[in-house]
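What follows is my_file01.txt (compact mmCIF, C-alpha atoms).
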# COMPACT_ATOMS: atom_id res chain seq x y z
CA SER A 1 123.76 149.54 172.40
CA VAL A 2 127.32 149.63 173.69
CA SER A 3 127.33 153.43 173.88
CA ASP A 4 124.05 153.37 175.84
CA PHE A 5 125.52 150.92 178.34
CA LYS A 6 128.63 153.03 178.87
CA SER A 7 126.65 156.24 179.25
CA HIS A 8 124.55 154.64 182.02
CA ILE A 9 127.53 153.64 184.18
CA LEU A 10 127.01 155.47 187.45
CA LYS A 11 129.97 156.85 189.40
CA LEU A 12 129.19 158.01 192.92
CA LYS A 13 131.68 159.87 195.11
CA LYS A 14 131.76 161.19 198.63
CA GLY A 15 130.71 164.86 198.62
CA GLN A 16 128.83 164.50 195.33
CA THR A 17 125.48 166.24 195.05
CA ILE A 18 122.54 164.26 193.73
CA ILE A 19 118.88 164.27 194.70
CA PRO A 20 118.03 160.92 196.39
CA GLU A 21 114.86 160.56 194.29
CA THR A 22 116.99 161.03 191.17
CA LEU A 23 119.40 158.30 192.29
CA GLU A 24 116.48 155.94 192.89
CA ARG A 25 115.08 156.66 189.41
CA ILE A 26 118.50 156.13 187.79
CA LEU A 27 118.92 152.78 189.54
CA VAL A 28 115.48 151.59 188.42
CA GLU A 29 116.17 152.70 184.85
CA ALA A 30 119.49 150.82 185.01
CA GLY A 31 117.66 147.58 185.79
CA TYR A 32 118.18 147.43 189.55
CA LYS A 33 115.36 145.97 191.61
CA ARG A 34 114.31 147.66 194.83
CA GLU A 35 114.13 145.32 197.82
CA ASP A 36 113.47 145.72 201.54
CA MET A 37 116.98 144.41 202.21
CA VAL A 38 119.85 143.97 199.77
CA GLY A 39 121.02 140.38 199.50
CA GLN A 40 122.17 139.84 195.94
CA MET A 41 123.74 141.63 192.99
CA GLY A 42 121.49 143.92 190.95
CA THR A 43 119.37 145.06 193.88
CA PHE A 44 119.10 148.16 196.05
CA SER A 45 117.14 149.35 199.05
CA ARG A 46 116.30 152.76 200.40
CA ARG A 47 115.47 153.87 203.89
CA GLY A 48 115.04 157.63 203.91
CA GLU A 49 118.43 159.09 203.00
CA VAL A 50 120.29 155.77 203.20
CA PHE A 51 120.78 153.63 200.07
CA ASP A 52 122.15 150.10 200.00
CA ILE A 53 123.35 149.13 196.51
CA PHE A 54 124.83 145.83 195.32
CA PRO A 55 126.44 146.61 191.94
CA ILE A 56 126.62 143.80 189.42
CA ASN A 57 130.28 144.69 188.88
CA SER A 58 131.19 144.21 192.54
CA ASN A 59 131.46 141.28 194.92
CA ILE A 60 130.39 143.48 197.83
CA PRO A 61 127.49 145.88 198.42
CA TYR A 62 127.78 149.51 199.47
CA ARG A 63 125.86 151.81 201.81
CA ILE A 64 125.43 155.41 200.71
CA ASP A 65 124.38 157.91 203.35
CA PHE A 66 123.02 161.30 202.31
CA PHE A 67 122.89 164.60 204.10
CA ASP A 68 120.09 166.33 202.23
CA THR A 69 121.31 166.07 198.60
CA GLU A 70 124.99 165.49 199.36
CA ILE A 71 126.59 162.06 199.64
CA GLU A 72 128.03 162.16 203.15
CA THR A 73 129.57 158.70 203.36
CA ILE A 74 130.02 155.58 201.25
CA LYS A 75 130.76 152.37 203.10
CA VAL A 76 131.16 148.71 202.34
CA PHE A 77 128.52 146.84 204.30
CA ASP A 78 128.07 143.28 205.48
CA ILE A 79 125.01 141.45 204.14
CA GLN A 80 124.79 139.19 207.18
CA THR A 81 124.87 141.91 209.83
CA GLN A 82 123.48 144.67 207.58
CA ARG A 83 126.07 147.00 209.09
CA GLY A 84 128.45 149.36 207.33
CA THR A 85 132.17 148.64 207.74
CA LYS A 86 135.01 150.18 205.75
CA GLU A 87 134.51 153.67 204.36
CA VAL A 88 135.48 154.32 200.72
CA GLN A 89 135.68 157.45 198.60
CA GLY A 90 133.55 156.25 195.70
CA VAL A 91 131.82 153.40 193.91
CA LYS A 92 131.08 152.54 190.28
CA VAL A 93 127.68 151.02 189.50
CA CYS A 94 127.33 149.32 186.12
CA PRO A 95 123.83 148.87 184.64
CA ASN A 96 121.97 145.63 185.29
CA THR A 97 120.62 145.68 181.74
CA ASP A 98 121.79 146.49 178.24
CA LEU A 99 118.30 147.45 177.06
CA PHE A 100 117.97 151.20 177.00
CA LEU A 101 114.95 152.36 175.04
CA THR A 102 114.37 155.84 173.70
CA ASN A 103 111.14 157.67 174.49
CA ASP A 104 109.96 156.94 170.94
CA GLU A 105 110.62 153.21 171.39
CA ILE A 106 108.77 153.18 174.71
CA ASP A 107 105.84 154.99 173.09
CA LYS A 108 105.80 152.40 170.29
CA LEU A 109 105.77 149.53 172.78
CA ILE A 110 102.92 151.11 174.73
CA PHE A 111 100.99 151.67 171.49
CA GLU A 112 101.47 148.06 170.33
CA LEU A 113 100.58 146.63 173.74
CA ASP A 114 97.46 148.76 174.00
CA LYS A 115 96.30 147.40 170.63
CA LEU A 116 96.46 143.85 172.00
CA LYS A 117 93.77 144.50 174.59
CA ASN A 118 90.36 143.11 173.71
CA LYS A 119 91.76 141.37 170.64
CA GLN A 120 92.76 137.99 172.07
CA GLY A 121 89.39 136.25 171.74
CA LEU A 122 89.35 135.27 175.41
CA ASP A 123 86.28 134.84 177.56
CA ALA A 124 85.29 137.81 179.72
CA SER A 125 87.06 136.73 182.92
CA LEU A 126 90.37 135.88 181.20
CA GLN A 127 90.15 139.04 179.09
CA THR A 128 89.86 141.15 182.25
CA ILE A 129 92.95 139.47 183.72
CA PHE A 130 94.86 139.84 180.46
CA ASN A 131 94.01 143.54 180.14
CA ALA A 132 95.05 144.17 183.74
CA GLU A 133 98.43 142.53 183.12
CA VAL A 134 98.96 144.57 179.95
CA ASP A 135 98.06 147.76 181.84
CA GLU A 136 100.61 146.82 184.52
CA ILE A 137 103.34 146.42 181.87
CA ILE A 138 102.36 149.73 180.27
CA SER A 139 102.51 151.42 183.67
CA ARG A 140 106.01 150.07 184.31
CA LEU A 141 107.15 151.11 180.84
CA THR A 142 105.86 154.61 181.48
CA LEU A 143 107.95 154.72 184.68
CA LYS A 144 110.94 153.30 182.76
CA ASP A 145 111.04 150.34 185.14
CA ARG A 146 113.47 147.79 183.72
CA SER A 147 113.36 145.35 186.63
CA PHE A 148 111.18 142.91 184.67
CA GLY A 149 111.60 140.88 181.47
CA LEU A 150 111.78 143.79 179.04
CA ASP A 151 113.53 141.61 176.47
CA CYS A 152 110.30 139.68 175.87
CA LEU A 153 108.82 142.84 174.32
CA LEU A 154 111.59 143.49 171.79
CA SER A 155 109.74 141.64 169.03
CA PHE A 156 107.48 144.68 168.85
CA LEU A 157 110.43 146.84 167.81
CA ASP A 158 112.14 146.81 164.43
CA ASP A 159 115.87 146.03 164.18
CA PHE A 160 116.50 146.17 167.91
CA ARG A 161 119.41 143.79 168.18
CA CYS A 162 122.68 143.86 170.08
CA SER A 163 125.07 141.07 171.01
CA ILE A 164 128.29 140.63 172.92
CA PHE A 165 130.17 140.93 169.63
CA ASP A 166 129.10 144.57 169.39
CA TYR A 167 131.06 145.19 172.59
CA PHE A 168 134.10 143.44 171.14
CA ALA A 169 133.92 145.61 168.02
CA GLU A 170 134.57 148.75 170.07
CA SER A 171 137.61 147.31 171.80
CA LYS A 172 140.93 148.85 170.79
CA GLN A 173 142.68 145.56 171.48
CA GLU A 174 142.32 142.08 170.08
CA VAL A 175 139.69 140.06 171.90
CA LEU A 176 140.16 136.41 172.78
CA VAL A 177 137.11 134.47 173.92
CA VAL A 178 137.86 131.41 176.02
CA ILE A 179 135.05 129.02 176.92
CA ASP A 180 136.04 126.92 179.90
CA GLU A 181 134.22 123.76 180.98
CA CYS A 182 132.37 123.39 177.67
CA LYS A 183 130.17 120.57 178.96
CA GLN A 184 128.97 122.70 181.88
CA VAL A 185 128.19 125.56 179.49
CA TYR A 186 126.26 123.19 177.22
CA ASP A 187 124.39 121.64 180.16
CA SER A 188 123.51 125.10 181.47
CA LEU A 189 122.17 126.20 178.08
CA SER A 190 120.20 122.98 177.71
CA SER A 191 118.71 123.43 181.16
CA GLY A 192 117.76 127.02 180.35
CA ILE A 193 116.03 125.98 177.13
CA LYS A 194 114.07 123.27 178.95
CA GLU A 195 112.94 125.79 181.57
CA VAL A 196 111.78 128.22 178.87
CA MET A 197 109.88 125.51 176.98
CA SER A 198 108.29 124.31 180.22
CA ARG A 199 107.22 127.86 181.03
CA ILE A 200 105.77 128.31 177.53
CA LYS A 201 103.75 125.10 177.97
CA GLU A 202 102.39 126.35 181.32
CA LEU A 203 101.38 129.67 179.77
CA LYS A 204 99.84 127.94 176.78
CA ASP A 205 97.83 125.55 178.94
CA SER A 206 96.52 128.44 181.04
CA ASN A 207 95.66 130.56 177.97
CA SER A 208 98.12 133.23 179.12
CA LEU A 209 100.11 133.36 175.89
CA LEU A 210 99.30 136.04 173.35
CA ALA A 211 97.38 134.48 170.50
CA GLY A 212 99.78 135.77 167.85
CA ASN A 213 102.86 134.46 169.66
CA ARG A 214 101.95 130.85 170.40
CA PRO A 215 104.51 128.35 169.10
Structure re-expressed in structure tokens:
Amino acid sequence: SVSDFKSHILKLKKGQTIIPETLERILVEAGYKREDMVGQMGTFSRRGEVFDIFPINSNIPYRIDFFDTEIETIKVFDIQTQRGTKEVQGVKVCPNTDLFLTNDEIDKLIFELDKLKNKQGLDASLQTIFNAEVDEIISRLTLKDRSFGLDCLLSFLDDFRCSIFDYFAESKQEVLVVIDECKQVYDSLSSGIKEVMSRIKELKDSNSLLAGNRP
């Protein structure tokens, strides 16, 4: 929801106290993917007490250096050289997802996924692979890892819907939506649909689709 998104906006300041492990958990829950080196928006890396974060709401990444549990410095850093440059006093990190599930919703997803195991009518070898993949998803859900396609699981939840118009509804000002380069938007949507359908065909041909969800 809109309120969930706003409540997960992270504001980090020089001198702020936060346990590094807590920061890492918050970033993962906010949909950021951990990488060895940061190179694109929505990713972060950690080397001991040094975090590199590329917020989705920023054109530049930041390096956060801890001294124990205190943020000692925050610097803009260069992706090419991987070196910190200008020091700043703080940085705002917006979530890389708008899907924030309650503990009850996570438990329901895990319950529904667990029921799927051994019920797909696959041969023994494929069933073993399928069960392992389901167990991997359950494990990531348990850790509140949102760096994978969580939206593909929403069909297991009742009335879990949110759109961009929900964000407009909370605005105190009138909202004007302008769509520029309509043909490019249409072509991009068409291309996305073709990619999805192609992926569905691949999964269907390899018997990797859930039996109850095949088109």
Fill in the blank from the handout: The distance between CA of Gly84 (chain A) and CA of Asp36 (chain A) is 16.5 Å
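Minimum atom-to-atom distances from A:Ile129, A:Glu174, A:Glu202, A:Ile106 to Leu157 (chain A) were compared using only C-alpha atoms, and the lowest value belongs to A:Ile106.
Remark: for Lys144 (chain A), the closest of the candidate residues A:Arg199, A:Lys13, A:Arg25, A:His8 is A:Arg25 (distances computed over all atoms listed in the file).
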Practice task
Fewer than 3 positions away in the same chain doesn't count, so skip those; otherwise give me all residues within 10 Å of Lys86 (chain A), counting all atoms listed in the file, as a count of residues only.
Solution key: 6
Fill in the blank from the handout: The distance between CA of Asn57 (chain A) and CA of Val93 (chain A) is 6.9 Å
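CA of Leu189 (chain A) is found 25.3 Å from CA of Phe156 (chain A).
In this comparison, which uses all atoms listed in the file, the residue of A:Glu195, A:Asp65, A:Glu29, A:Glu181 approaching Cys94 (chain A) most closely is A:Glu29.
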Exercise for the section: Would you list the contacts of Asn59 (chain A) as a PyMOL selection string, taking every protein, DNA or RNA residue within 10 Å and counting all atoms listed in the file, but skipping same-chain residues closer than 4 positions in sequence? Expected result: chain A and resi 40-41+54-55
Enclose all atoms of region 81-90 of chain A listed in the file in an axis-aligned box, grow every side by 3 Å, and hand back centre and edge lengths in Å to one decimal, as lines of an AutoDock Vina configuration file.
center_x = 129.6
center_y = 149.7
center_z = 202.8
size_x = 18.2
size_y = 21.5
size_z = 20.1
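Omitting Ser7 (chain A) and its sequence neighbours fewer than 6 positions away, and counting only C-alpha atoms, the residues within 12 Å are Ser1, Ile26, Ala30, Val93, Cys94, Pro95, Asp98 and Phe100 of chain A.
Distances from A:Asn96, A:Phe5, A:Glu70, A:Ala169 to Phe44 (chain A) were compared using only C-alpha atoms, and the smallest one belongs to A:Asn96.
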